[in-house]
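Colleague: Take a look at this one; I'll ask things after.
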Amino acid sequence: MKYLRLYLKIFFWTAMPIVVLGILASIGLYILFVSIPSEMSGIPLDLIRLAKWVAFGFIPGIMFGGIMAVSLGTSHILRIRSLPTQEPDNISLNQSRMFILETDQHRAFSLCSSSLMLISAKLQQANEATGYIMAKTPAGWGEVIEIKVSPISDNKSQIVVTSRPNLKTVLVDYGKNTENVEKICWYLKDKLNT
């Protein structure tokens, strides 16, 4: 069902602009080349003929949306499934992982801050008192990475790592947010095991 939802979302957002433009262009062409010459010769408006012109404008959008949905959606899904991830079926753009680190909050916060270098993220906000870190990646449209460090006990900290597209209009990320979260998680766990 989640795959179908992804395909339909891509189809809708790529097909609709083309459909609207196609319909408007078809109506304009109909008026210009059929309606005005017909009225000049005394022939009344033919709604069936107009409907055919509108359908002609509708078809390219549907075809474009279908091609984009299949190609972009499948590429996105295959890329995420090829990543070494804890959740290969999670194809969402907003990725989040929660885990426990066997260290105090100060060290966990420091490790989380240094983990951002792996994904070339630039620190935007860091508050050790609240345990909140926010960073953005500069590549492409970019992603927003948020890390929340919460103490559980003196030697345990809960880490929540979230990565999402910087723009809300992004339809697919080809696993970039999954990759960001997994790299940070791997880095943190690796640093504590060495």
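Naming scheme: A, B, ... for chains in displayed order of the structure tokens; residues 1 onward per chain; ligands 1 onward as shown.
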Tell me which protein, DNA and RNA residues are within 10 Å of Pro60 of chain A, counting only C-alpha atoms, leaving out same-chain ones fewer than 4 positions away, and put them as a ChimeraX atom specification.

Modeller: /A:15,18-19,21-23,55-56,64-66

Colleague: Please build the interface table for segment 44-105 of chain A against segment 173-188 of chain A with a cut-off of 6 Å, listing for each qualifying residue the nearest atom pair and the distance in Å to one decimal; count only C-alpha atoms, order rows by chain and increasing number, and write it as JSON lines.

Modeller:
```
{"residue": "A:His76", "atom": "CA", "partner": "A:Tyr174", "partner_atom": "CA", "distance": 4.3}
{"residue": "A:Arg79", "atom": "CA", "partner": "A:Tyr174", "partner_atom": "CA", "distance": 5.7}
{"residue": "A:Ile80", "atom": "CA", "partner": "A:Gly175", "partner_atom": "CA", "distance": 4.8}
{"residue": "A:Gln95", "atom": "CA", "partner": "A:Thr178", "partner_atom": "CA", "distance": 5.8}
```

Colleague: Find, counting only C-alpha atoms, the residue in A:Pro138, A:Pro165, A:Pro151, A:Gly28 that gets nearest to Gln124 of chain A.

Modeller: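 So, comparing all the options, the nearest one is A:Pro138.
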
Colleague: Please provide as an MDAnalysis selection string all residues within 12 Å of segment 6-10 of chain A, with the sequence filter that same-chain residues fewer than 2 positions apart are discarded (counting only C-alpha atoms).

Modeller: chainID A and resid 1:4 12:17 62 64:77 90:93 169:173

Colleague: So, counting only C-alpha atoms, which residue among A:Met63, A:Ala108, A:Met98, A:Ile145 is closest to Ala121 of chain A?

Modeller: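 For Ala121 of chain A, the nearest of the candidates is A:Ile145.
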
Colleague: Which residue is closest to Val160 of chain A? Choose from A:Ser96, A:Gln125, A:Thr137, A:Thr130 and count only C-alpha atoms.

Modeller: A:Ser96

Colleague: Please return, as a list in words, all residues of segment 99-130 of chain A that DSSP assigns to helix (DSSP H, G or I) on the basis of the backbone.

Modeller: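 The residues of segment 99-130 of chain A classed as helix (DSSP H, G or I) are Gln105, His106, Arg107, Ala108, Phe109, Ser110, Leu111, Cys112, Ser113, Ser114, Ser115, Leu116, Met117, Leu118 and Ile119 of chain A.
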
Colleague: Pick from A:Ala25, A:Met134, A:Val149, A:Ile31: nearest to Arg49 of chain A, with only C-alpha atoms counted?

Modeller: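 For Arg49 of chain A, the nearest of the given residues is A:Ile31.
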
Colleague: Could you list, as a list in words, every residue within 9 Å of Ser113 of chain A, counting only C-alpha atoms and ignoring same-chain residues fewer than 5 positions away?

Modeller: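 Here the answer would be Ala108, Leu123, Ala126, Ile133 and Ile147 of chain A.
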
Colleague: Calculate how many Å separate atom CA of Gly142 of chain A from atom CA of Glu128 of chain A, rounding to one decimal.

Modeller: 24.4 Å

Colleague: Can you list, as a PyMOL selection string, every residue of segment 128-180 of chain A that DSSP puts in strand (DSSP E)?

Modeller: chain A and resi 132-136+143-153+156-165

Colleague: How about saving the chosen residues, C-alpha atoms kept, as a PDB file, in the first residue's frame?

Modeller:
```
ATOM      1  CA  TYR A 132      19.019  19.546  20.503  1.00  0.00           C
ATOM      2  CA  ILE A 133      21.134  19.688  17.332  1.00  0.00           C
ATOM      3  CA  MET A 134      19.942  20.925  13.954  1.00  0.00           C
ATOM      4  CA  ALA A 135      22.010  20.943  10.770  1.00  0.00           C
ATOM      5  CA  LYS A 136      21.487  21.301   7.016  1.00  0.00           C
ATOM      6  CA  GLU A 143      18.225  17.992   3.941  1.00  0.00           C
ATOM      7  CA  VAL A 144      17.503  19.046   7.508  1.00  0.00           C
ATOM      8  CA  ILE A 145      19.028  16.805  10.169  1.00  0.00           C
ATOM      9  CA  GLU A 146      17.779  16.983  13.724  1.00  0.00           C
ATOM     10  CA  ILE A 147      19.290  15.081  16.621  1.00  0.00           C
ATOM     11  CA  LYS A 148      17.796  14.959  20.097  1.00  0.00           C
ATOM     12  CA  VAL A 149      19.956  13.657  22.956  1.00  0.00           C
ATOM     13  CA  SER A 150      18.086  12.820  26.160  1.00  0.00           C
ATOM     14  CA  PRO A 151      19.689  11.399  29.305  1.00  0.00           C
ATOM     15  CA  ILE A 152      18.159   8.164  30.570  1.00  0.00           C
ATOM     16  CA  SER A 153      20.630   7.665  33.426  1.00  0.00           C
ATOM     17  CA  LYS A 156      22.806   6.024  29.137  1.00  0.00           C
ATOM     18  CA  SER A 157      21.442   8.473  26.599  1.00  0.00           C
ATOM     19  CA  GLN A 158      18.557   8.165  24.188  1.00  0.00           C
ATOM     20  CA  ILE A 159      19.328   9.453  20.693  1.00  0.00           C
ATOM     21  CA  VAL A 160      16.695  10.347  18.109  1.00  0.00           C
ATOM     22  CA  VAL A 161      18.107  11.131  14.647  1.00  0.00           C
ATOM     23  CA  THR A 162      15.788  12.593  12.010  1.00  0.00           C
ATOM     24  CA  SER A 163      16.525  13.572   8.409  1.00  0.00           C
ATOM     25  CA  ARG A 164      14.023  15.157   6.031  1.00  0.00           C
ATOM     26  CA  PRO A 165      14.108  17.176   2.810  1.00  0.00           C
TER      27      PRO A 165
END
```

Colleague: Could you tell me which of A:Leu192, A:Cys112, A:Ile119, A:Val20 comes closest to Ile59 of chain A if we count only C-alpha atoms?

Modeller: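 Under the stated criterion, the closest residue is A:Val20.
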
Colleague: Between A:Leu111, A:Ala129, A:Ala139, A:Leu29, which one has atoms that come closest to Leu50 of chain A, using only C-alpha atoms?

Modeller: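 Nearest candidate to Leu50 of chain A out of A:Leu111, A:Ala129, A:Ala139, A:Leu29: A:Leu29.
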